[in-house]
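Only one structure is covered here, and it is reproduced in the block below.
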Amino acid sequence: MGNGRWPSCPTPDPSPEGEGSKKEETMTYTGNRGLMLEEPLLFEKGAPDRCGVDLPDVPAVASRLGGLDRHRPIGLPGMSEPDVVRHFTRLSRQNYAIDMGIFPLGSCTMKHNPRLNEKMARLPGFADIHPLQPEATVQGALALIDQLAHWLTTLTNMPAVAMSPKAGAHGELCGMLAIRAAHDARGDARKVVLVPESAHGTNPATAAFCGYAVENIPADARGRVDLAAMRARLGPDVAAVMITNPNTCGLFEPDMIAICDAVHAAGAFVYCDGANFNAIVGRVRPGDLGIDAMHINLHKTFSTPHGGGGPGSGPVVFSAALAPFAPLPFVRKVGERFELVEEAQALASNDHDLSFGRMVAFHGQMGMFVRALSYMLSHGADGLRQVAEDAVLNANYVLRSLEDVFTAPFAASGPCMHEALFSDDFLEGTGLTTLDLAKALIDEGFHPMTMYFPLVVHGAMLVEPTETESKASLDQLIGALRSVATRMLAEPAEAFKTSPHLAPRRRLDETAAARRPVLTWREPEELAAAE
Ligand SMILES: *Cc1c(COP(=O)(O)O)cnc(C)c1O
């Protein structure tokens with residue numbers, strides 16, 4: 001391997017990093033590479049007899065554990081305070097974050113979260129309250145939820161909104177439970193939910209979770225719902241259609257009104273996955289299209305940090321037909337005061353006794369509400385329209401800047417919305433794939449785009465720049481993508497089969513990592529004995 005871990009240009013590594021071998025050869029004594037510092041596990045680094053503080057000996061007391069006391073050492077790694085601080089700081093530097101660079105993950109809308117949002121979310125009146133506090137002491141927080149709800153219903157032209165769902169997929173569940181409750185109330189036990197191929201993967205999962213049989217509707221050659229196929233399948237057994245719009249190809253569904261009309265005529269409801277609302281906010285009101293329920297990912301459209309599993313917030317807007325079935329709790333203004341309606345029976349008018357019930361213990365993600373409303377208020381109505389326009393402009397800039405090298409399957413049918421979709425057809429014959437390209441992009445210092453999703457094109461690469469990226473940062477990403485793609489077409493494939501070469505870890509066995517994850521640390525002796 002001549003030049004070891006630091007090839008001046010990527011050289012093939014005959015032994016790509018396999019399962020179990022965490023470290024590989026390095027040219028340095030420490031294993032560090034410049035200022036990128038290697039870091040072992042806490043368990044490898046610490047020792048049980050080391051400690052950052054001096055604790056007094058435990059006084060001898062009679063055990064009351066009924067013979068269940070532990071006699072073996074607990075096995076926690078002891079470390080000094082500076083060791084602990086350095087451990088986590090070193091690990092954090094191996095991470096990629098939206099505060100370090102563009103995060104072009106399609107369908108994830110990784111946009112900058114303004115610091116103003118954080119400042120507002122940390123105001124003690126929002127951050128330090130408890131969901132069980134008396135209503136009279138949290139009037140400001142309830143007013144904020146009410147104001148945010150007002151923005152959401154206004155932007156969508158829908159009469160009602162449920163604020164409590166905690167993410168997009170949770171919002172889908174909320175919407176579909178309301179649809180099921182509406183059918184139940186009519187005594188209509190429909191069994192099927194239609195989901196187009198261009199829908200997000202959470203849609204069929206949600207429908208199945210609600211007990212429905214899921215049937216696919218194909219996409220047409222333009223990457224849109226095949227309207228004729230949809231019309232042909234509608235019937236008395238169909239409870240709802242779940243449509244992602246803009247869809248996961250980054251395209252607007254132009255037949256939305258016709259689809260809604262056909263679905264309603266068949267006695268079913270239209271659920272719209274509105275996680276991509278950032279592409280149309282201020283330009284299109286889903287209520288005008290005939291949609292019955294739609295979740296909005298506050299953590300995408302209205303900034304707020306997300307990723308790594310949370311936190312999110314997925315309020316669901318409802319049409320008049322579904323509003324009575326919306327979940328509890330909700331905030332209601334009575335005179336000058338705000339109150340939380342927590343129980344259907346307590347309502348004087350009983351106009352919510354059809355509610356399907358409660359989805360979460362409390363009232364939703366307060367911190368996300370504050371951040372989203374901060375984003376709305378700091379942009380204003382015209383600024384929110386510009387959010388959509390800039391998000392779409394940026395995605396089209398990426399699409400048009402790369403379509404001569406990359407395969408852009410639907411580019412001929414016109415502009416995209418907020419994300420640019422490519423396939424790896426242009427790599428045919430090289431032996432290289434989307435995965436290799438994504439790994440090479442890591443060497444260029446970028447988090448890769450979304451890969452192999454949507455499923456409707458081969459080796460999909462979905463790039464979503466969002467409105468918060470400047471032209472300069474887009475030019476850098478485009479330059480890197482062009483460079484990697486042209487090198488993959490011109491140079492021997494082997495080097496790309498083992499990329500990334502410059503990252504803290506090389507190519508990992510992702511299948512083994514997913515199928516046989518090693519989630520607990522074991523003493524090396526214990527491990528050796530087990531093998
Ligand atoms: C992100 C996304 C979802 C899921 O949202 P979560 O908050 O991750 O549950 C659903 N549909 C689409 C189109 C999305 O982009």
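Identifiers for the structure tokens are assigned positionally: chains receive A, B, ... in sequence, residues are indexed from 1 per chain, and ligands are indexed from 1 in the order shown.
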Would you mind listing, for every residue of stretch 150-251 of chain A within 12 Å of stretch 431-453 of chain A, the two atoms forming the shortest contact and the distance between them in Å to one decimal, using only C-alpha atoms, sorted by chain and ascending residue number, as CSV?
residue,atom,partner,partner_atom,distance
A:Glu197,CA,A:Phe453,CA,11.2
A:Ser198,CA,A:Phe453,CA,9.9
A:Ala199,CA,A:Phe453,CA,10.5
A:His200,CA,A:Phe453,CA,9.0
A:Gly201,CA,A:Phe453,CA,9.1
A:Asn247,CA,A:Phe453,CA,11.7
A:Thr248,CA,A:Phe453,CA,8.0
A:Cys249,CA,A:Phe453,CA,8.7
A:Gly250,CA,A:Phe453,CA,11.2
Any chance you can output those residues with N, CA and C atoms as a tab-separated table (two decimals), in the first residue's frame?
chain	number	residue	atom	x	y	z
A	197	GLU	N	-47.01	5.47	-6.62
A	197	GLU	CA	-45.58	5.11	-6.54
A	197	GLU	C	-44.71	6.28	-6.13
A	198	SER	N	-45.16	7.48	-6.46
A	198	SER	CA	-44.34	8.66	-6.20
A	198	SER	C	-44.51	9.18	-4.77
A	199	ALA	N	-45.22	8.41	-3.93
A	199	ALA	CA	-45.45	8.85	-2.55
A	199	ALA	C	-44.25	8.55	-1.67
A	200	HIS	N	-44.17	9.24	-0.57
A	200	HIS	CA	-43.13	8.97	0.42
A	200	HIS	C	-43.38	7.61	1.06
A	201	GLY	N	-42.32	6.92	1.44
A	201	GLY	CA	-42.44	5.58	1.99
A	201	GLY	C	-43.25	5.49	3.27
A	247	ASN	N	-44.37	15.74	-5.05
A	247	ASN	CA	-44.09	14.34	-4.82
A	247	ASN	C	-42.60	14.08	-4.59
A	248	THR	N	-42.26	12.81	-4.40
A	248	THR	CA	-40.87	12.51	-4.03
A	248	THR	C	-39.93	12.55	-5.22
A	249	CYS	N	-40.45	12.83	-6.42
A	249	CYS	CA	-39.56	13.11	-7.55
A	249	CYS	C	-39.26	14.61	-7.58
A	250	GLY	N	-39.76	15.34	-6.59
A	250	GLY	CA	-39.57	16.79	-6.58
A	250	GLY	C	-40.46	17.48	-7.59
Each chain A residue no farther than 8 Å from ligand 1, nearest pair in Å, only C-alpha atoms and all ligand atoms, as a Markdown table:
| residue | atom | partner | partner_atom_place_in_ligand_line | distance |
| --- | --- | --- | --- | --- |
| A:Gly106 | CA | ligand 1 | 15 (O) | 7.8 |
| A:Ser107 | CA | ligand 1 | 15 (O) | 4.0 |
| A:Cys108 | CA | ligand 1 | 1 (C) | 5.2 |
| A:Thr109 | CA | ligand 1 | 15 (O) | 7.5 |
| A:Lys166 | CA | ligand 1 | 7 (O) | 7.5 |
| A:Ala167 | CA | ligand 1 | 7 (O) | 3.8 |
| A:Gly168 | CA | ligand 1 | 5 (O) | 3.4 |
| A:Ala169 | CA | ligand 1 | 9 (O) | 3.7 |
| A:His170 | CA | ligand 1 | 9 (O) | 6.2 |
| A:Gly171 | CA | ligand 1 | 9 (O) | 7.7 |
| A:Glu172 | CA | ligand 1 | 10 (C) | 7.9 |
| A:Ala199 | CA | ligand 1 | 13 (C) | 7.0 |
| A:His200 | CA | ligand 1 | 13 (C) | 4.8 |
| A:Gly201 | CA | ligand 1 | 11 (N) | 7.2 |
| A:Thr202 | CA | ligand 1 | 10 (C) | 5.6 |
| A:Asn203 | CA | ligand 1 | 11 (N) | 7.1 |
| A:Thr244 | CA | ligand 1 | 13 (C) | 5.8 |
| A:Asn245 | CA | ligand 1 | 13 (C) | 7.6 |
| A:Pro246 | CA | ligand 1 | 13 (C) | 7.8 |
| A:Asn247 | CA | ligand 1 | 13 (C) | 6.8 |
| A:Thr248 | CA | ligand 1 | 13 (C) | 6.1 |
| A:Asp273 | CA | ligand 1 | 11 (N) | 5.7 |
| A:Gly274 | CA | ligand 1 | 13 (C) | 6.6 |
| A:Ala275 | CA | ligand 1 | 12 (C) | 4.6 |
| A:Asn276 | CA | ligand 1 | 13 (C) | 5.7 |
| A:Asn297 | CA | ligand 1 | 7 (O) | 6.0 |
| A:His299 | CA | ligand 1 | 7 (O) | 7.3 |
| A:Lys300 | CA | ligand 1 | 1 (C) | 7.6 |
| A:Gly309 | CA | ligand 1 | 8 (O) | 7.7 |
| A:Gly310 | CA | ligand 1 | 7 (O) | 8.0 |
| A:Gly312 | CA | ligand 1 | 7 (O) | 5.7 |
| A:Ser313 | CA | ligand 1 | 7 (O) | 6.8 |
| A:Gly314 | CA | ligand 1 | 7 (O) | 6.5 |
Grab the residues selected above and save them as a compact mmCIF listing (two decimals), in the first residue's frame with N, CA, C and O atoms.
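So out_33.txt came out as:
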# COMPACT_ATOMS: atom_id res chain seq x y z
N GLY A 106 -32.20 15.09 -0.12
CA GLY A 106 -33.54 15.26 -0.67
C GLY A 106 -34.59 14.70 0.26
O GLY A 106 -34.36 13.72 0.96
N SER A 107 -35.76 15.35 0.27
CA SER A 107 -36.90 14.94 1.08
C SER A 107 -36.71 15.24 2.56
O SER A 107 -37.61 14.98 3.35
N CYS A 108 -35.59 15.76 2.96
CA CYS A 108 -35.35 16.03 4.38
C CYS A 108 -35.37 17.52 4.71
O CYS A 108 -35.52 17.89 5.87
N THR A 109 -35.18 18.37 3.72
CA THR A 109 -35.24 19.83 3.90
C THR A 109 -34.37 20.28 5.06
O THR A 109 -34.85 20.77 6.08
N LYS A 166 -46.25 14.70 16.48
CA LYS A 166 -44.86 15.04 16.80
C LYS A 166 -43.88 14.85 15.66
O LYS A 166 -42.68 14.99 15.85
N ALA A 167 -44.35 14.52 14.49
CA ALA A 167 -43.48 14.41 13.32
C ALA A 167 -44.36 14.20 12.10
O ALA A 167 -45.59 14.07 12.24
N GLY A 168 -43.74 14.15 10.94
CA GLY A 168 -44.51 13.97 9.72
C GLY A 168 -45.28 12.66 9.71
O GLY A 168 -46.49 12.63 9.46
N ALA A 169 -44.58 11.56 9.99
CA ALA A 169 -45.24 10.26 9.95
C ALA A 169 -46.34 10.17 11.01
O ALA A 169 -47.39 9.56 10.79
N HIS A 170 -46.11 10.81 12.14
CA HIS A 170 -47.12 10.84 13.21
C HIS A 170 -48.34 11.64 12.73
O HIS A 170 -49.49 11.28 13.03
N GLY A 171 -48.09 12.70 11.96
CA GLY A 171 -49.18 13.49 11.38
C GLY A 171 -49.99 12.66 10.39
O GLY A 171 -51.22 12.74 10.36
N GLU A 172 -49.29 11.84 9.60
CA GLU A 172 -50.01 10.96 8.67
C GLU A 172 -50.95 10.04 9.44
O GLU A 172 -52.11 9.85 9.05
N ALA A 199 -45.22 8.41 -3.93
CA ALA A 199 -45.45 8.85 -2.55
C ALA A 199 -44.25 8.55 -1.67
O ALA A 199 -43.42 7.69 -1.99
N HIS A 200 -44.17 9.24 -0.57
CA HIS A 200 -43.13 8.97 0.42
C HIS A 200 -43.38 7.61 1.06
O HIS A 200 -44.54 7.21 1.25
N GLY A 201 -42.32 6.92 1.44
CA GLY A 201 -42.44 5.58 1.99
C GLY A 201 -43.25 5.49 3.27
O GLY A 201 -43.81 4.44 3.60
N THR A 202 -43.34 6.60 4.00
CA THR A 202 -44.13 6.58 5.22
C THR A 202 -45.61 6.43 4.93
O THR A 202 -46.37 5.99 5.78
N ASN A 203 -46.05 6.82 3.71
CA ASN A 203 -47.50 6.80 3.41
C ASN A 203 -48.06 5.38 3.44
O ASN A 203 -49.02 5.12 4.19
N THR A 244 -48.42 12.39 -2.10
CA THR A 244 -47.37 13.31 -1.69
C THR A 244 -47.27 14.41 -2.73
O THR A 244 -47.06 14.12 -3.91
N ASN A 245 -47.48 15.65 -2.32
CA ASN A 245 -47.44 16.74 -3.29
C ASN A 245 -46.81 17.98 -2.66
O ASN A 245 -47.31 18.46 -1.66
N PRO A 246 -45.73 18.52 -3.24
CA PRO A 246 -44.95 17.99 -4.33
C PRO A 246 -44.46 16.58 -4.00
O PRO A 246 -44.18 16.27 -2.85
N ASN A 247 -44.37 15.74 -5.05
CA ASN A 247 -44.09 14.34 -4.82
C ASN A 247 -42.60 14.08 -4.59
O ASN A 247 -41.79 15.01 -4.57
N THR A 248 -42.26 12.81 -4.40
CA THR A 248 -40.87 12.51 -4.03
C THR A 248 -39.93 12.55 -5.22
O THR A 248 -38.74 12.31 -5.06
N ASP A 273 -49.68 14.22 1.69
CA ASP A 273 -48.44 14.32 2.45
C ASP A 273 -47.84 15.68 2.11
O ASP A 273 -47.35 15.91 1.01
N GLY A 274 -47.90 16.58 3.08
CA GLY A 274 -47.47 17.96 2.84
C GLY A 274 -46.10 18.27 3.42
O GLY A 274 -45.77 19.43 3.66
N ALA A 275 -45.30 17.22 3.63
CA ALA A 275 -43.98 17.45 4.22
C ALA A 275 -43.15 18.37 3.33
O ALA A 275 -42.24 19.04 3.80
N ASN A 276 -43.48 18.40 2.03
CA ASN A 276 -42.72 19.25 1.11
C ASN A 276 -43.41 20.58 0.87
O ASN A 276 -43.25 21.20 -0.18
N ASN A 297 -44.68 19.50 7.98
CA ASN A 297 -43.51 19.30 8.84
C ASN A 297 -42.94 20.67 9.23
O ASN A 297 -42.24 21.28 8.43
N HIS A 299 -40.63 21.13 11.10
CA HIS A 299 -39.18 20.99 11.13
C HIS A 299 -38.57 20.94 9.75
O HIS A 299 -37.38 20.76 9.60
N LYS A 300 -39.36 21.06 8.72
CA LYS A 300 -38.79 21.19 7.38
C LYS A 300 -39.14 22.58 6.83
O LYS A 300 -38.28 23.42 6.64
N GLY A 309 -33.34 11.63 14.40
CA GLY A 309 -34.51 11.11 15.11
C GLY A 309 -35.32 12.14 15.85
O GLY A 309 -36.28 11.79 16.51
N GLY A 310 -34.97 13.39 15.77
CA GLY A 310 -35.85 14.34 16.42
C GLY A 310 -35.19 15.63 16.75
O GLY A 310 -34.00 15.77 16.50
N GLY A 312 -39.24 16.72 16.06
CA GLY A 312 -40.00 17.20 14.92
C GLY A 312 -41.34 17.72 15.39
O GLY A 312 -41.62 17.76 16.59
N SER A 313 -42.16 18.15 14.44
CA SER A 313 -43.52 18.56 14.76
C SER A 313 -44.33 18.51 13.48
O SER A 313 -43.94 19.13 12.48
N GLY A 314 -45.42 17.75 13.50
CA GLY A 314 -46.19 17.54 12.27
C GLY A 314 -47.65 17.87 12.39
O GLY A 314 -48.50 16.98 12.28
Can you write out as JSON lines which residues of stretch 137-212 of chain A fall within 9 Å of stretch 361-376 of chain A, alongside each residue's closest atom pair and its distance in Å to one decimal, counting only C-alpha atoms and ordering rows by chain and ascending residue number?
{"residue": "A:Ala141", "atom": "CA", "partner": "A:Met366", "partner_atom": "CA", "distance": 8.1}
{"residue": "A:Leu144", "atom": "CA", "partner": "A:Val370", "partner_atom": "CA", "distance": 7.4}
{"residue": "A:Ile145", "atom": "CA", "partner": "A:Phe369", "partner_atom": "CA", "distance": 6.8}
{"residue": "A:Gln147", "atom": "CA", "partner": "A:Leu373", "partner_atom": "CA", "distance": 8.1}
{"residue": "A:Leu148", "atom": "CA", "partner": "A:Leu373", "partner_atom": "CA", "distance": 5.8}
{"residue": "A:Trp151", "atom": "CA", "partner": "A:Met376", "partner_atom": "CA", "distance": 8.2}
{"residue": "A:Met163", "atom": "CA", "partner": "A:Gly364", "partner_atom": "CA", "distance": 6.2}
{"residue": "A:Ser164", "atom": "CA", "partner": "A:Gly364", "partner_atom": "CA", "distance": 3.9}
{"residue": "A:Pro165", "atom": "CA", "partner": "A:Gly364", "partner_atom": "CA", "distance": 6.2}
{"residue": "A:Lys166", "atom": "CA", "partner": "A:Gly364", "partner_atom": "CA", "distance": 6.2}
Output N, CA, C and O atoms for every residue in that selection, as a CSV table (one decimal), in the first residue's frame.
chain,number,residue,atom,x,y,z
A,141,ALA,N,-48.1,30.9,26.3
A,141,ALA,CA,-47.8,29.7,25.5
A,141,ALA,C,-49.0,29.3,24.7
A,141,ALA,O,-48.9,28.9,23.5
A,144,LEU,N,-49.5,31.5,21.8
A,144,LEU,CA,-48.5,31.2,20.7
A,144,LEU,C,-49.0,30.0,19.9
A,144,LEU,O,-49.0,30.1,18.6
A,145,ILE,N,-49.5,29.0,20.5
A,145,ILE,CA,-50.0,27.8,19.8
A,145,ILE,C,-51.2,28.2,18.9
A,145,ILE,O,-51.3,27.9,17.7
A,147,GLN,N,-51.8,31.2,17.7
A,147,GLN,CA,-51.3,32.1,16.6
A,147,GLN,C,-50.7,31.3,15.5
A,147,GLN,O,-50.9,31.5,14.3
A,148,LEU,N,-49.9,30.3,15.9
A,148,LEU,CA,-49.3,29.4,14.9
A,148,LEU,C,-50.3,28.6,14.2
A,148,LEU,O,-50.3,28.5,12.9
A,151,TRP,N,-51.7,30.8,11.5
A,151,TRP,CA,-50.9,30.9,10.3
A,151,TRP,C,-51.0,29.6,9.5
A,151,TRP,O,-51.1,29.7,8.2
A,163,MET,N,-52.5,20.3,16.4
A,163,MET,CA,-51.1,20.7,16.6
A,163,MET,C,-50.3,19.6,17.3
A,163,MET,O,-49.1,19.7,17.3
A,164,SER,N,-50.9,18.6,17.8
A,164,SER,CA,-50.1,17.7,18.7
A,164,SER,C,-49.2,16.7,18.0
A,164,SER,O,-48.2,16.3,18.6
A,165,PRO,N,-49.5,16.3,16.8
A,165,PRO,CA,-48.6,15.2,16.2
A,165,PRO,C,-47.1,15.7,16.2
A,165,PRO,O,-46.8,16.8,16.0
A,166,LYS,N,-46.2,14.7,16.5
A,166,LYS,CA,-44.9,15.0,16.8
A,166,LYS,C,-43.9,14.9,15.7
A,166,LYS,O,-42.7,15.0,15.8
DSSP strand (DSSP E) residues within stretch 195-355 of chain A, listed as a ChimeraX atom specification: /A:195-196,213-217,238-244,269-273,293-295,316-318,330-334,337-341
Go ahead and save the residues from that selection, with N, CA, C and O atoms, as a short mmCIF file (atom, residue, chain, number, x, y, z; two decimals), in the first residue's frame.
data_model
loop_
_atom_site.label_atom_id
_atom_site.label_comp_id
_atom_site.auth_asym_id
_atom_site.auth_seq_id
_atom_site.Cartn_x
_atom_site.Cartn_y
_atom_site.Cartn_z
N VAL A 195 -52.08 4.32 -2.84
CA VAL A 195 -50.87 5.13 -2.66
C VAL A 195 -50.09 5.13 -3.97
O VAL A 195 -49.67 4.06 -4.43
N PRO A 196 -49.90 6.28 -4.59
CA PRO A 196 -49.11 6.31 -5.83
C PRO A 196 -47.65 5.94 -5.58
O PRO A 196 -47.14 6.13 -4.47
N ALA A 213 -55.55 -2.18 3.64
CA ALA A 213 -54.78 -2.84 2.59
C ALA A 213 -54.29 -1.73 1.65
O ALA A 213 -55.06 -0.87 1.25
N VAL A 214 -53.00 -1.77 1.33
CA VAL A 214 -52.41 -0.71 0.51
C VAL A 214 -52.29 -1.18 -0.93
O VAL A 214 -51.80 -2.29 -1.17
N GLU A 215 -52.74 -0.37 -1.86
CA GLU A 215 -52.55 -0.70 -3.28
C GLU A 215 -51.83 0.44 -3.98
O GLU A 215 -52.12 1.61 -3.73
N ASN A 216 -50.88 0.07 -4.84
CA ASN A 216 -50.08 1.05 -5.57
C ASN A 216 -50.82 1.59 -6.78
O ASN A 216 -51.52 0.85 -7.45
N ILE A 217 -50.60 2.87 -7.06
CA ILE A 217 -51.03 3.45 -8.33
C ILE A 217 -49.74 3.84 -9.05
O ILE A 217 -48.89 4.51 -8.47
N VAL A 238 -62.58 1.77 -1.47
CA VAL A 238 -61.43 2.64 -1.26
C VAL A 238 -61.76 3.71 -0.21
O VAL A 238 -62.69 4.50 -0.39
N ALA A 239 -61.01 3.70 0.88
CA ALA A 239 -61.25 4.66 1.96
C ALA A 239 -60.58 5.98 1.68
O ALA A 239 -61.12 7.05 2.00
N ALA A 240 -59.38 5.95 1.13
CA ALA A 240 -58.62 7.18 0.93
C ALA A 240 -57.53 6.98 -0.09
O ALA A 240 -57.14 5.85 -0.41
N VAL A 241 -57.05 8.11 -0.59
CA VAL A 241 -55.87 8.13 -1.44
C VAL A 241 -54.85 8.97 -0.70
O VAL A 241 -55.18 10.03 -0.18
N MET A 242 -53.62 8.48 -0.62
CA MET A 242 -52.56 9.27 0.02
C MET A 242 -51.59 9.74 -1.06
O MET A 242 -50.97 8.92 -1.75
N ILE A 243 -51.50 11.05 -1.21
CA ILE A 243 -50.67 11.60 -2.28
C ILE A 243 -49.63 12.54 -1.69
O ILE A 243 -49.97 13.38 -0.85
N THR A 244 -48.42 12.39 -2.10
CA THR A 244 -47.37 13.31 -1.69
C THR A 244 -47.27 14.41 -2.73
O THR A 244 -47.06 14.12 -3.91
N PHE A 269 -61.61 9.89 0.83
CA PHE A 269 -60.94 11.13 1.24
C PHE A 269 -59.55 11.21 0.63
O PHE A 269 -58.94 10.19 0.31
N VAL A 270 -59.05 12.45 0.53
CA VAL A 270 -57.70 12.67 0.01
C VAL A 270 -56.78 13.08 1.15
O VAL A 270 -56.98 14.13 1.77
N TYR A 271 -55.82 12.22 1.44
CA TYR A 271 -54.77 12.61 2.37
C TYR A 271 -53.58 13.11 1.55
O TYR A 271 -53.12 12.42 0.64
N CYS A 272 -53.11 14.31 1.87
CA CYS A 272 -51.94 14.82 1.17
C CYS A 272 -50.75 14.85 2.12
O CYS A 272 -50.85 15.39 3.22
N ASP A 273 -49.68 14.22 1.69
CA ASP A 273 -48.44 14.32 2.45
C ASP A 273 -47.84 15.68 2.11
O ASP A 273 -47.35 15.91 1.01
N ALA A 293 -56.99 16.25 4.36
CA ALA A 293 -56.09 16.26 5.52
C ALA A 293 -54.67 16.31 4.99
O ALA A 293 -54.35 15.68 3.98
N MET A 294 -53.84 17.08 5.70
CA MET A 294 -52.44 17.19 5.26
C MET A 294 -51.57 17.53 6.46
O MET A 294 -51.93 18.41 7.24
N HIS A 295 -50.46 16.82 6.60
CA HIS A 295 -49.54 17.23 7.66
C HIS A 295 -48.52 18.20 7.11
O HIS A 295 -48.20 18.19 5.92
N VAL A 316 -51.47 18.76 11.61
CA VAL A 316 -52.30 18.29 10.50
C VAL A 316 -53.47 19.24 10.29
O VAL A 316 -54.22 19.51 11.23
N VAL A 317 -53.60 19.76 9.07
CA VAL A 317 -54.76 20.60 8.76
C VAL A 317 -55.86 19.72 8.20
O VAL A 317 -55.59 18.72 7.52
N PHE A 318 -57.12 20.11 8.49
CA PHE A 318 -58.28 19.30 8.10
C PHE A 318 -59.29 20.13 7.33
O PHE A 318 -59.49 21.31 7.62
N PHE A 330 -56.90 20.52 21.90
CA PHE A 330 -56.63 21.69 21.08
C PHE A 330 -56.86 22.95 21.89
O PHE A 330 -57.48 22.90 22.96
N VAL A 331 -56.33 24.05 21.40
CA VAL A 331 -56.43 25.32 22.11
C VAL A 331 -57.64 26.08 21.56
O VAL A 331 -57.85 26.11 20.34
N ARG A 332 -58.43 26.64 22.45
CA ARG A 332 -59.59 27.40 22.01
C ARG A 332 -59.59 28.73 22.73
O ARG A 332 -59.27 28.82 23.91
N LYS A 333 -59.97 29.78 22.00
CA LYS A 333 -60.04 31.10 22.61
C LYS A 333 -61.48 31.35 23.05
O LYS A 333 -62.42 31.22 22.26
N VAL A 334 -61.63 31.66 24.35
CA VAL A 334 -62.95 31.96 24.89
C VAL A 334 -62.87 33.37 25.46
O VAL A 334 -62.20 33.58 26.48
N ARG A 337 -59.47 34.78 26.89
CA ARG A 337 -58.63 33.74 27.48
C ARG A 337 -58.51 32.53 26.55
O ARG A 337 -59.39 32.26 25.75
N PHE A 338 -57.38 31.85 26.71
CA PHE A 338 -57.17 30.63 25.94
C PHE A 338 -57.38 29.44 26.86
O PHE A 338 -56.96 29.46 28.02
N GLU A 339 -58.01 28.42 26.35
CA GLU A 339 -58.15 27.20 27.14
C GLU A 339 -57.79 25.99 26.30
O GLU A 339 -57.86 26.02 25.08
N LEU A 340 -57.38 24.95 27.00
CA LEU A 340 -57.06 23.69 26.34
C LEU A 340 -58.27 22.78 26.43
O LEU A 340 -58.74 22.48 27.53
N VAL A 341 -58.77 22.34 25.29
CA VAL A 341 -59.88 21.39 25.30
C VAL A 341 -59.25 20.00 25.30
O VAL A 341 -58.58 19.61 24.35
#
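Taking atom CA of A:Cys210 as the reference point, atom CA of A:Leu322 is found at 16.6 Å.
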Sel. of alpha helix (DSSP H) residues, stretch 66-157 of chain A, as an MDAnalysis selection string: chainID A and resid 81:93 115:121 124:127 139:156
Please save C-alpha atoms of the selected residues as a PDB file, in the first residue's frame.
ATOM      1  CA  GLU A  81     -13.109  15.498  33.520  1.00  0.00           C
ATOM      2  CA  PRO A  82     -10.739  16.725  30.775  1.00  0.00           C
ATOM      3  CA  ASP A  83     -10.714  13.214  29.294  1.00  0.00           C
ATOM      4  CA  VAL A  84     -14.511  13.191  29.159  1.00  0.00           C
ATOM      5  CA  VAL A  85     -14.666  16.661  27.619  1.00  0.00           C
ATOM      6  CA  ARG A  86     -12.095  15.732  24.985  1.00  0.00           C
ATOM      7  CA  HIS A  87     -13.795  12.442  24.204  1.00  0.00           C
ATOM      8  CA  PHE A  88     -17.100  14.011  23.278  1.00  0.00           C
ATOM      9  CA  THR A  89     -15.544  17.043  21.587  1.00  0.00           C
ATOM     10  CA  ARG A  90     -13.411  14.784  19.383  1.00  0.00           C
ATOM     11  CA  LEU A  91     -16.433  12.685  18.442  1.00  0.00           C
ATOM     12  CA  SER A  92     -18.469  15.791  17.666  1.00  0.00           C
ATOM     13  CA  ARG A  93     -15.799  16.916  15.194  1.00  0.00           C
ATOM     14  CA  ARG A 115     -30.340  31.750  15.788  1.00  0.00           C
ATOM     15  CA  LEU A 116     -33.292  34.012  16.448  1.00  0.00           C
ATOM     16  CA  ASN A 117     -35.479  30.888  16.614  1.00  0.00           C
ATOM     17  CA  GLU A 118     -33.246  29.466  19.314  1.00  0.00           C
ATOM     18  CA  LYS A 119     -33.282  32.690  21.284  1.00  0.00           C
ATOM     19  CA  MET A 120     -37.085  32.748  21.259  1.00  0.00           C
ATOM     20  CA  ALA A 121     -37.374  29.057  22.145  1.00  0.00           C
ATOM     21  CA  PRO A 124     -38.221  31.116  30.118  1.00  0.00           C
ATOM     22  CA  GLY A 125     -41.950  31.635  29.528  1.00  0.00           C
ATOM     23  CA  PHE A 126     -41.741  29.042  26.739  1.00  0.00           C
ATOM     24  CA  ALA A 127     -38.817  26.856  27.792  1.00  0.00           C
ATOM     25  CA  GLN A 139     -51.720  31.964  28.648  1.00  0.00           C
ATOM     26  CA  GLY A 140     -48.780  33.223  26.575  1.00  0.00           C
ATOM     27  CA  ALA A 141     -47.801  29.741  25.462  1.00  0.00           C
ATOM     28  CA  LEU A 142     -51.399  28.897  24.547  1.00  0.00           C
ATOM     29  CA  ALA A 143     -51.646  32.192  22.640  1.00  0.00           C
ATOM     30  CA  LEU A 144     -48.542  31.212  20.699  1.00  0.00           C
ATOM     31  CA  ILE A 145     -50.021  27.810  19.781  1.00  0.00           C
ATOM     32  CA  ASP A 146     -53.211  29.579  18.716  1.00  0.00           C
ATOM     33  CA  GLN A 147     -51.327  32.093  16.592  1.00  0.00           C
ATOM     34  CA  LEU A 148     -49.266  29.374  14.920  1.00  0.00           C
ATOM     35  CA  ALA A 149     -52.462  27.428  14.234  1.00  0.00           C
ATOM     36  CA  HIS A 150     -53.892  30.573  12.644  1.00  0.00           C
ATOM     37  CA  TRP A 151     -50.872  30.871  10.313  1.00  0.00           C
ATOM     38  CA  LEU A 152     -51.131  27.206   9.346  1.00  0.00           C
ATOM     39  CA  THR A 153     -54.858  27.305   8.586  1.00  0.00           C
ATOM     40  CA  THR A 154     -54.434  30.588   6.680  1.00  0.00           C
ATOM     41  CA  LEU A 155     -51.476  29.380   4.615  1.00  0.00           C
ATOM     42  CA  THR A 156     -53.333  26.185   3.695  1.00  0.00           C
TER      43      THR A 156
END
